Every structure is written in C-alpha cells, then in structure tokens.
$ cat my_file-v7.cif   # mmCIF, C-alpha atoms
data_run
#
loop_
_atom_site.label_atom_id
_atom_site.label_comp_id
_atom_site.auth_asym_id
_atom_site.auth_seq_id
_atom_site.Cartn_x
_atom_site.Cartn_y
_atom_site.Cartn_z
CA MET X 1 99.43 102.24 89.96
CA LYS X 2 99.80 98.66 91.13
CA ARG X 3 96.76 96.91 89.76
CA LYS X 4 94.78 93.77 90.48
CA TRP X 5 94.23 90.84 88.10
CA PRO X 6 93.03 91.68 84.58
CA THR X 7 89.32 90.93 84.22
CA VAL X 8 88.75 90.23 81.34
CA MET X 9 108.43 68.41 66.39
CA VAL X 10 111.36 69.78 66.44
CA SER X 11 111.23 73.49 65.89
CA SER X 12 108.79 74.30 68.71
CA ILE X 13 110.58 71.97 71.10
CA ALA X 14 113.93 73.39 70.15
CA LEU X 15 112.63 76.88 70.85
CA ALA X 16 111.63 75.99 74.38
CA GLY X 17 114.67 73.84 75.00
CA ILE X 18 117.21 76.31 73.65
CA LEU X 19 115.62 79.72 74.12
CA PHE X 20 114.09 79.25 77.55
CA SER X 21 116.51 76.86 79.22
CA THR X 22 118.84 79.63 80.25
CA SER X 23 121.14 77.77 82.59
CA GLY X 24 120.40 74.07 82.31
CA ILE X 25 119.05 74.13 85.87
CA SER X 26 115.53 72.78 86.37
CA TYR X 27 113.20 74.56 88.78
CA THR X 28 111.97 71.66 90.88
CA GLU X 29 110.80 73.35 94.07
CA ALA X 30 107.43 71.73 94.67
CA SER X 31 104.80 73.09 97.01
CA SER X 32 104.33 71.65 100.47
CA THR X 33 101.20 69.97 99.16
CA VAL X 34 103.12 67.55 96.98
CA LYS X 35 106.85 67.07 97.19
CA THR X 36 108.67 64.47 95.15
CA ASP X 37 111.52 63.06 97.21
CA LEU X 38 112.10 59.96 95.13
CA ARG X 39 111.86 59.45 91.42
CA SER X 40 113.71 56.53 89.87
CA SER X 41 113.21 54.52 86.72
CA THR X 42 114.37 51.12 85.61
CA THR X 43 114.01 48.95 82.53
CA VAL X 44 113.85 45.18 82.91
CA LYS X 45 114.99 42.69 80.26
CA ALA X 46 112.32 40.84 78.36
CA PRO X 47 111.47 37.33 79.56
CA LEU X 48 110.93 34.40 77.23
CA GLY X 49 107.46 33.41 76.09
CA ILE X 50 105.45 36.53 75.27
CA VAL X 51 101.68 36.37 75.61
CA LYS X 52 99.81 38.51 73.10
CA GLY X 53 98.04 41.39 74.78
CA GLU X 54 98.34 45.13 75.36
CA VAL X 55 100.75 47.60 76.88
CA GLU X 56 99.56 47.55 80.46
CA GLY X 57 100.05 50.16 83.14
CA LYS X 58 99.90 49.17 86.81
CA ALA X 59 100.21 51.26 89.96
CA LYS X 60 100.85 50.31 93.57
CA VAL X 61 100.05 52.75 96.36
CA LYS X 62 101.39 52.34 99.89
CA ILE X 63 100.48 54.69 102.73
CA LYS X 64 103.36 55.23 105.13
CA LYS X 65 103.02 55.87 108.87
CA ASN X 66 103.44 59.64 108.51
CA GLY X 67 100.69 59.87 105.90
CA ASN X 68 103.07 60.06 102.94
CA VAL X 69 102.15 58.08 99.84
CA LYS X 70 104.61 55.80 98.08
CA LEU X 71 103.66 55.33 94.43
CA ASN X 72 105.12 52.73 92.07
CA TYR X 73 104.08 52.79 88.41
CA LYS X 74 104.98 50.07 85.90
CA VAL X 75 104.36 49.77 82.19
CA LYS X 76 104.78 46.37 80.55
CA ASN X 77 104.76 45.57 76.85
CA GLN X 78 102.59 42.48 76.52
CA THR X 79 102.26 42.73 72.75
CA GLU X 80 104.19 40.77 70.15
CA LYS X 81 105.89 43.88 68.79
CA VAL X 82 108.32 46.54 69.93
CA VAL X 83 106.42 49.63 71.03
CA SER X 84 107.90 53.13 70.83
CA TYR X 85 106.99 56.29 72.73
CA THR X 86 107.76 59.95 72.10
CA PHE X 87 107.80 62.31 75.10
CA PRO X 88 107.57 66.09 74.46
CA SER X 89 109.71 66.72 77.57
CA GLY X 90 111.88 65.01 80.16
CA LEU X 91 108.70 64.19 82.11
CA THR X 92 107.95 60.60 81.12
CA VAL X 93 105.32 59.80 83.76
CA ASP X 94 102.63 62.07 85.21
CA TYR X 95 99.92 61.62 87.79
CA ILE X 96 96.79 63.46 88.94
CA VAL X 97 95.37 63.15 92.45
CA TYR X 98 91.60 63.71 92.82
CA ASP X 99 89.81 64.35 96.12
CA SER X 100 86.69 62.54 97.38
CA GLU X 101 84.47 64.82 95.27
CA GLY X 102 86.36 63.96 92.10
CA LYS X 103 88.03 67.37 91.85
CA LYS X 104 91.70 67.63 90.94
CA PHE X 105 93.74 68.23 94.07
CA THR X 106 97.22 68.18 92.57
CA GLN X 107 99.17 67.07 89.51
CA PHE X 108 102.83 66.09 89.37
CA SER X 109 103.60 68.09 86.22
CA ASP X 110 102.22 71.22 87.91
CA GLN X 111 104.79 70.89 90.69
CA VAL X 112 108.00 70.39 88.73
CA SER X 113 109.73 71.70 85.61
CA SER X 114 111.51 69.51 83.13
CA THR X 115 113.68 69.86 80.06
CA LEU X 116 111.79 70.31 76.80
CA ALA X 117 114.00 68.24 74.55
CA ILE X 118 112.08 65.45 72.84
CA GLU X 119 112.78 62.06 74.40
CA GLU X 120 112.03 58.63 73.00
CA MET X 121 111.67 55.20 74.55
CA SER X 122 111.15 51.73 73.10
CA LEU X 123 109.96 48.65 74.95
CA LYS X 124 110.70 45.22 73.54
CA GLN X 125 108.30 42.32 73.89
CA GLY X 126 107.86 41.64 77.61
CA GLU X 127 109.99 44.61 78.61
CA GLU X 128 108.96 46.72 81.59
CA TYR X 129 109.49 50.37 82.56
CA GLN X 130 108.84 51.75 86.02
CA GLU X 131 109.07 54.92 88.08
CA ASN X 132 108.70 55.59 91.80
CA PHE X 133 107.39 58.66 93.61
CA ILE X 134 106.91 59.82 97.18
CA ILE X 135 103.91 62.15 97.56
CA GLU X 136 103.93 64.28 100.70
CA GLY X 137 101.49 66.72 102.24
CA LEU X 138 98.17 65.11 101.35
CA PRO X 139 95.49 65.91 103.95
CA ASN X 140 93.57 63.09 105.59
CA GLY X 141 90.84 61.86 103.27
CA LYS X 142 89.92 59.62 100.35
CA TYR X 143 91.63 60.01 96.97
CA THR X 144 91.84 58.60 93.47
CA ILE X 145 95.09 58.81 91.54
CA ASP X 146 95.47 58.49 87.76
CA VAL X 147 98.99 57.58 86.61
CA PHE X 148 100.00 57.62 82.96
CA LEU X 149 102.80 58.03 80.44
CA ASN X 150 103.29 61.60 79.25
CA ALA X 151 103.47 60.36 75.68
CA LYS X 152 101.76 61.13 72.39
CA GLU X 153 101.01 57.45 71.93
CA ASP X 154 99.09 55.12 74.27
CA GLN X 155 99.38 56.55 77.78
CA ALA X 156 98.86 53.22 79.59
CA MET X 157 96.76 54.97 82.22
CA THR X 158 95.78 53.23 85.42
CA SER X 159 93.82 54.39 88.48
CA LYS X 160 93.97 53.58 92.16
CA LYS X 161 91.84 54.59 95.14
CA PHE X 162 93.44 55.13 98.54
CA THR X 163 92.80 56.74 101.92
CA VAL X 164 95.18 58.86 103.99
CA LYS X 165 94.48 58.59 107.73
CA LYS X 166 97.56 59.58 109.72
CA SER X 167 98.73 62.75 108.03
CA VAL X 168 99.56 65.91 110.01
CA TYR X 169 97.70 67.74 107.22
CA ASN X 170 93.94 68.33 107.27
CA ARG X 171 91.57 70.06 104.89
CA THR X 172 88.64 72.17 106.03
CA LYS X 173 86.53 75.23 105.21
CA GLY X 174 86.10 78.33 107.30
CA THR X 175 85.27 82.03 107.13
CA LEU X 176 88.11 84.54 107.20
CA ILE X 177 87.84 86.87 110.23
CA SER X 178 91.15 88.77 110.28
CA TRP X 179 94.90 88.44 109.89
CA ASN X 180 98.03 89.96 111.38
CA ASP X 181 100.99 90.28 109.01
CA LYS X 182 103.49 91.09 111.75
CA ALA X 183 102.52 88.10 113.88
CA ASN X 184 102.01 85.84 110.83
CA THR X 185 98.65 84.76 112.20
CA VAL X 186 95.14 84.57 110.82
CA GLN X 187 91.77 84.03 112.49
CA VAL X 188 89.21 81.78 110.82
CA MET X 189 85.69 80.93 111.97
CA LEU X 190 85.34 77.15 111.97
CA GLY X 191 81.66 76.51 112.53
CA LYS X 192 80.86 78.82 115.44
CA LYS X 193 84.37 78.82 116.89
CA PRO X 194 87.05 81.39 115.95
CA THR X 195 90.39 79.59 115.52
CA SER X 196 93.88 81.08 115.19
CA PHE X 197 96.42 79.74 112.69
CA GLN X 198 99.95 80.59 111.70
CA MET X 199 100.46 81.17 108.01
CA THR X 200 103.32 80.69 105.58
CA ASP X 201 104.63 83.49 103.36
CA SER X 202 102.94 81.94 100.33
CA VAL X 203 99.60 81.88 102.16
CA LYS X 204 99.99 85.63 102.76
CA GLU X 205 100.07 86.02 98.98
CA GLN X 206 97.00 83.85 98.58
CA LEU X 207 95.12 85.92 101.17
CA LEU X 208 95.53 89.18 99.22
CA PRO X 209 92.44 88.76 97.01
CA ILE X 210 90.35 87.21 99.81
CA GLU X 211 88.06 89.55 101.75
CA LYS X 212 87.02 89.33 105.39
CA GLY X 213 83.85 87.31 105.74
CA GLN X 214 84.69 85.19 102.71
CA GLU X 215 84.77 81.40 102.98
CA MET X 216 88.10 79.66 102.44
CA ASP X 217 88.91 76.06 101.53
CA PHE X 218 92.35 75.38 102.98
CA VAL X 219 94.91 72.83 104.11
CA TYR X 220 96.55 73.17 107.52
CA SER X 221 99.15 71.21 109.48
CA ASP X 222 98.64 70.22 113.10
CA THR X 223 101.67 68.84 114.94
CA LYS X 224 99.91 69.09 118.33
CA ILE X 225 103.02 70.94 119.56
CA GLU X 226 102.78 74.41 118.04
CA LEU X 227 99.98 76.55 116.62
CA LYS X 228 98.20 75.06 113.64
CA THR X 229 99.58 76.40 110.35
CA ILE X 230 97.70 77.10 107.13
CA GLU X 231 99.87 75.59 104.41
CA ARG X 232 97.77 76.23 101.34
CA ILE X 233 94.54 77.96 100.41
CA ILE X 234 92.77 76.04 97.70
CA VAL X 235 91.58 78.52 95.10
CA ALA X 236 90.33 78.06 91.58
CA PRO X 237 92.78 79.21 88.89
CA LYS X 238 92.19 82.78 87.73
CA LYS X 239 90.98 83.06 84.14
CA VAL X 240 92.34 86.01 82.17
CA THR X 241 90.71 86.92 78.87
CA LEU X 242 92.33 89.64 76.76
CA LYS X 243 90.79 91.70 73.97
CA HIS X 244 94.20 92.16 72.39
CA SER X 245 97.57 90.46 72.31
CA VAL X 246 99.51 90.02 75.56
CA LEU X 247 102.38 91.68 73.69
CA GLU X 248 100.42 94.95 73.47
CA ILE X 249 101.16 96.26 76.96
CA ASP X 250 99.67 99.57 78.13
CA LYS X 251 101.43 102.88 78.77
CA GLU X 252 102.03 102.16 82.44
CA LEU X 253 103.76 98.84 81.78
CA LYS X 254 105.74 100.40 78.92
CA ALA X 255 106.99 103.01 81.37
CA MET X 256 107.93 100.24 83.79
CA PHE X 257 109.69 98.41 80.97
CA GLU X 258 111.75 101.52 80.14
CA HIS X 259 112.70 101.84 83.81
CA ILE X 260 113.83 98.21 83.89
CA LYS X 261 115.78 98.70 80.67
CA LYS X 262 117.56 101.74 82.07
CA ASN X 263 118.26 100.45 85.58
CA LYS X 264 118.77 96.74 84.76
CA ASN X 265 116.54 95.47 87.61
CA LEU X 266 112.89 94.74 88.38
CA THR X 267 112.39 97.22 91.24
CA ALA X 268 109.87 99.10 89.08
CA LEU X 269 107.63 96.02 89.11
CA GLU X 270 107.64 95.59 92.88
CA GLY X 271 104.11 94.86 94.04
CA TYR X 272 102.75 94.27 90.52
CA GLN X 273 100.59 91.25 89.77
CA PRO X 274 102.21 88.16 88.22
CA PHE X 275 100.36 88.44 84.91
CA GLU X 276 101.65 91.98 84.45
CA VAL X 277 105.22 90.78 85.02
CA PHE X 278 104.60 87.92 82.57
CA SER X 279 103.29 90.37 79.96
CA THR X 280 106.28 92.67 80.35
CA TYR X 281 108.66 89.69 80.12
CA MET X 282 107.09 88.58 76.84
CA TYR X 283 107.11 92.16 75.55
CA SER X 284 110.86 92.27 76.15
CA GLN X 285 111.39 88.89 74.49
CA ALA X 286 109.24 89.81 71.48
CA GLY X 287 111.41 92.88 70.99
CA GLU X 288 114.49 90.65 71.17
CA ASP X 289 115.81 92.87 73.96
CA TYR X 290 117.73 90.11 75.74
CA GLU X 291 119.74 92.49 77.89
CA THR X 292 116.53 93.70 79.52
CA LEU X 293 115.12 90.16 79.55
CA TYR X 294 118.12 89.12 81.65
CA SER X 295 116.83 91.40 84.43
CA PHE X 296 113.64 89.33 84.75
CA TYR X 297 115.60 86.54 86.43
CA LYS X 298 116.41 86.69 90.12
CA PRO X 299 120.03 87.84 90.62
CA GLY X 300 122.29 84.83 90.93
CA ASN X 301 119.83 82.38 89.36
CA LEU X 302 121.56 82.22 85.99
CA ASP X 303 124.98 80.69 85.52
CA MET X 304 126.00 83.07 82.75
CA LYS X 305 126.79 86.76 82.44
CA VAL X 306 124.52 89.11 80.54
CA GLU X 307 126.88 89.28 77.54
CA ASP X 308 126.88 85.49 77.22
CA PHE X 309 123.10 85.48 77.63
CA LYS X 310 122.68 87.98 74.77
CA LYS X 311 125.14 86.16 72.52
CA LYS X 312 123.45 82.81 73.05
CA TYR X 313 119.95 84.00 72.23
CA ARG X 314 120.82 86.26 69.32
CA SER X 315 122.01 83.36 67.19
CA ASP X 316 120.30 82.98 63.80
CA GLU X 317 118.61 79.77 64.92
CA ASN X 318 117.22 81.21 68.14
CA THR X 319 116.07 84.37 66.39
CA ALA X 320 114.04 82.35 63.89
CA LEU X 321 112.57 80.16 66.64
CA ASN X 322 111.71 83.13 68.81
CA ARG X 323 109.88 84.91 66.02
CA SER X 324 107.90 81.76 65.25
CA PHE X 325 106.93 81.42 68.91
CA MET X 326 105.91 85.09 69.20
CA LYS X 327 103.76 84.83 66.10
CA LYS X 328 101.76 82.09 67.82
CA LEU X 329 101.68 83.86 71.19
CA ASN X 330 100.40 87.04 69.53
CA SER X 331 97.08 85.31 68.74
CA VAL X 332 96.50 83.87 72.25
CA ARG X 333 93.69 85.57 74.17
CA GLU X 334 92.98 83.25 77.10
CA TYR X 335 95.31 82.52 80.01
CA THR X 336 95.07 80.83 83.39
CA VAL X 337 96.93 82.21 86.42
CA GLU X 338 97.35 79.91 89.41
CA VAL X 339 98.98 80.86 92.70
CA ARG X 340 100.70 77.90 94.32
CA GLU X 341 102.78 77.41 97.45
CA ASN X 342 105.96 79.15 96.32
CA GLU X 343 105.19 80.12 92.76
CA VAL X 344 102.74 81.36 90.16
CA ILE X 345 101.99 79.45 86.97
CA VAL X 346 100.63 81.18 83.87
CA SER X 347 99.17 78.61 81.46
CA PHE X 348 98.09 79.04 77.85
CA ASN X 349 97.63 77.11 74.61
CA LEU X 350 99.65 78.10 71.57
CA GLU X 351 98.08 75.64 69.18
CA LYS X 352 96.56 72.20 69.41
CA ASN X 353 98.68 69.98 71.69
CA GLU X 354 100.95 72.91 72.59
CA ASN X 355 99.86 73.58 76.17
CA MET X 356 102.43 75.86 77.76
CA SER X 357 103.10 77.03 81.31
CA PHE X 358 105.29 79.89 82.53
CA VAL X 359 106.59 79.79 86.12
CA MET X 360 107.53 82.71 88.37
CA ALA X 361 108.73 82.88 91.98
CA LYS X 362 108.49 85.83 94.36
CA TYR X 363 111.49 87.55 95.97
CA ASN X 364 111.35 90.82 97.92
CA ASN X 365 107.75 91.45 96.82
CA THR X 366 108.66 91.09 93.14
CA TRP X 367 107.89 88.24 90.76
CA TYR X 368 110.88 86.83 88.87
CA ALA X 369 111.07 84.22 86.12
CA VAL X 370 112.63 80.98 87.37
CA SER X 371 115.74 79.66 85.63
CA MET X 372 113.63 77.52 83.26
CA PRO X 373 110.31 79.41 83.19
CA LEU X 374 108.62 77.93 80.14
CA SER X 375 107.58 74.30 79.74
CA MET X 376 105.15 72.26 77.71
CA LYS X 377 102.48 70.38 79.64
#
$ encode --input "my_file-v7.cif" --output "structure tokens"
Amino acid sequence: MKRKWPTVMVSSIALAGILFSTSGISYTEASSTVKTDLRSSTTVKAPLGIVKGEVEGKAKVKIKKNGNVKLNYKVKNQTEKVVSYTFPSGLTVDYIVYDSEGKKFTQFSDQVSSTLAIEEMSLKQGEEYQENFIIEGLPNGKYTIDVFLNAKEDQAMTSKKFTVKKSVYNRTKGTLISWNDKANTVQVMLGKKPTSFQMTDSVKEQLLPIEKGQEMDFVYSDTKIELKTIERIIVAPKKVTLKHSVLEIDKELKAMFEHIKKNKNLTALEGYQPFEVFSTYMYSQAGEDYETLYSFYKPGNLDMKVEDFKKKYRSDENTALNRSFMKKLNSVREYTVEVRENEVIVSFNLEKNENMSFVMAKYNNTWYAVSMPLSMK
C-alpha cells in the first residue's frame, strides 16, 4: 500500500564528507524560485593604517530590469588582530530572504548542496572578503534579506530591505477548483473569477496533498504571451514525529527493501512518499548493505561501479564513522519534510549544532537520493 505522510570536528564532518559524498559531484539544481547564476569570492590585501573596530559585514542589493536581484556581500576586518573563521562546509556565506510579513521566503543553503569538509579562513587587519550572488524568481513585492557568514564564530550579519517591481513572477492566493494532469492545467478561483494556469511537474507533486476547495498560496509567472504558469506552491514544511527510531521500518517497507536488494533497483518504491524512501535508505545504510544502498541513486548519477562503491565505504574508517552516525540517528524522533521545486529535503538534528538535511529528486515517479544527499546546515 502506498501511504501518505506519517502523522505523527572532525569525525562527524569526515563521516559526511567521506561516506555521503559518493562521486564528488555537488547537487546544485536550485528551484525556479531562487537560482544562483553567479557566485564569486575575492580577498583584498590589507591597506595601511588600521582603525580599531569590529569585523563588519555589508551588503549591496541591486534590482535588475528583469526583476532579478544582484547581491554583493563584503566582510572587512576592522580590528587590530587577525581573525579566523571555521566553516562546517564549503558554504561560506548564506542568506535568508523574508517577505513583507517577515516570513522566510527562501534561503540560499536550502537551494544548494556543498561539500562537508571543514574549511578555514583568516582575515588580516584591514583585509576584506566578498561574494556575489544573482537571485532569480522573486515575485513582485517587498523583501528583507539577511546575509551572513556560515561560520561558528562571529557571522558578521547584515540586513537590507528592497522591492522587486518588474518581475514576471507574482505571488497570490486562490482556491483550488480542479486540475487536468493530461493538459498540465489547473483552475484556481482568484476572488470571484476562475483562472486557468499551466503547471510544472514539480507543482503536480505539490498538488497531491491539496484538496479541491482548499486555499493555496502560490507563485506564478506571467509572460503576457502564453498561459500563466504556477511555478511553486508555498506550503509549510511537513513535521514528522516518530514514536520509534527511523531505522525501525515496518513490515511493508522491509518487504520493499528485500525486493530492492534482490532486483537492484527502486521500482518497488514507485509512488511511495519521500520520507518512506528516506527511512528505507537509512535502514540499508545502518545495515551496512552498500550494494543495496547503491540502488537508491538514480542510474548514471554516480561515477563509480557498485564494486568500487562497496569497497570505498567498507573501509575501517568509514565503518567506524557510519556506526557513530547511526547511533546518533537512532535517537532522533522529529523530522521536517519540505517539497521544493525539483526536490524534497528531509531535515533533522543529530545533536546540538548538527543540523542535517537529506536531499532527494524524483525520476519516473520514484524518489532517488542525489549524488551528495546529506549535508550539514
């Protein structure tokens, strides 16, 4: 039965970096809501004459003609000492965009994956570090953006307010009337007027738990040339609370696991919910069954054969790290499941300051782990 949602520094970093980085390829496909087209960083030499102060973060926001947002973030060491930063991943700078009501609309780290090797950076007196981003797909409206270093030390956070006026994207609320899968269209009541929209494949997935007559908060594009298209339905993340460990899967999922193990593919999990696929993945990993675990990746996504995959992760070091990770995971009872444009993110906390996320993408009605599924937020 294909069920709905359940109701209900080195060692840890090395585990994620070695055990879960299966091919060295980062999954960076962002949703249409926020797409990073440019991300560069530079370090400038320190000038003479340092004025005592703080490490200051500054952000510049420029709205382009098409509604895209160009973001420049700089951090300058204005102290009299060298300052050092430790980053738990390759993501050195993060940002959060809030809508006019102060609710989080999107976050950069939610849209991209990064390596989990610890990185360090030092800034000399007067030295400056900067990164640039292009944010696409924001609907017309007023926003506040917080930009900060993804570091354990001072984050040098800064905020900016801005308004997007000429975007092809708009945000509105309406009541779902009906949808047509074959025609890829959906009818929504906007006020007292029924309006037809096209919908993307990812929006089809988001519509599954939404009933007719239910209000939707959504983003749509309007090029004035073709039918308006719903790009994203804004839904609150699904909270999953378990009475037992996620590693204790039920009889049905165990039967599915045995089918996967025998046939070396995920066809048995076609149509199953993302959290069930996540649970079965972790069950396989906890049992150190890496041959079956290999099947949880979309064919062609890994750059190694199954024998190399097994050999790599059965090393003494990886075995010890995996068992340590599973011991922590075994005690986790609360998870968050969020459906995004082209992916699902399962988030959970292992221990204090160990906030993890697991990413899956859908292919042929089946959820697969991406090439680097696990990351620390």
$ closest_residue --input "my_file-v7.cif" --among "X:Lys243, X:Lys262, X:Lys160, X:Lys124" --to "X:Tyr95" --atoms "only C-alpha atoms"
X:Lys160
$ resolve_selection --input "my_file-v7.cif" --expression "the PyMOL selection byres ((chain X and resi 149-152) around 9)" --output "PyMOL selection string"
chain X and resi 57+75+85-89+91-95+147-148+153-157+377
$ closest_residue --input "my_file-v7.cif" --among "X:Pro373, X:Gly67, X:Gly90, X:Pro274" --to "X:Asn170" --atoms "all atoms listed in the file"
X:Gly67
$ atom_distance --input "my_file-v7.cif" --atom1 "atom CA of X:Phe218" --atom2 "atom CA of X:Lys65"
23.0 Å
$ closest_residue --input "my_file-v7.cif" --among "X:Lys103, X:Ala286, X:Asn140, X:Asp146" --to "X:Ala320" --atoms "all atoms listed in the file"
X:Ala286
$ closest_residue --input "my_file-v7.cif" --among "X:Glu215, X:Asp99, X:Glu291, X:Asp110" --to "X:Ser357" --atoms "only C-alpha atoms"
X:Asp110
$ closest_residue --input "my_file-v7.cif" --among "X:Ile230, X:Val97, X:Ala369, X:Met282" --to "X:Thr172" --atoms "all atoms listed in the file"
X:Ile230
$ resolve_selection --input "my_file-v7.cif" --expression "the PyMOL selection byres ((chain X and resi 322) around 9)" --output "PyMOL selection string"
chain X and resi 15+19+285-286+288+313+317-321+323-327
$ residues_around --input "my_file-v7.cif" --residues "X:Ile63" --least-positions-apart "3" --cutoff "12 Å" --atoms "all atoms listed in the file" --output "PyMOL selection string"
chain X and resi 60+66-72+134-136+138+140+142-143+161-167
$ atom_distance --input "my_file-v7.cif" --atom1 "atom CA of X:Leu227" --atom2 "atom CA of X:Lys204"
16.6 Å
$ atom_distance --input "my_file-v7.cif" --atom1 "atom CA of X:Lys81" --atom2 "atom CA of X:Ser159"
25.4 Å
$ decode --input "my_file-v7.cif" --residues "stretch 222-240 of chain X" --atoms "C-alpha atoms" --output "compact mmCIF listing (two decimals), in the first residue's frame"
# COMPACT_ATOMS: atom_id res chain seq x y z
CA ASP X 222 3.14 35.78 -16.46
CA THR X 223 4.98 36.49 -19.70
CA LYS X 224 1.86 38.02 -21.31
CA ILE X 225 2.49 35.69 -24.27
CA GLU X 226 1.41 32.25 -23.06
CA LEU X 227 -0.86 30.94 -20.31
CA LYS X 228 0.17 31.90 -16.81
CA THR X 229 2.19 29.15 -15.12
CA ILE X 230 2.20 28.17 -11.45
CA GLU X 231 5.88 27.79 -10.58
CA ARG X 232 5.68 26.99 -6.89
CA ILE X 233 3.06 26.36 -4.25
CA ILE X 234 4.17 27.78 -0.95
CA VAL X 235 3.47 25.21 1.73
CA ALA X 236 4.65 24.90 5.29
CA PRO X 237 7.20 22.12 5.86
CA LYS X 238 5.64 18.85 6.99
CA LYS X 239 6.52 17.87 10.55
CA VAL X 240 7.05 14.15 11.15
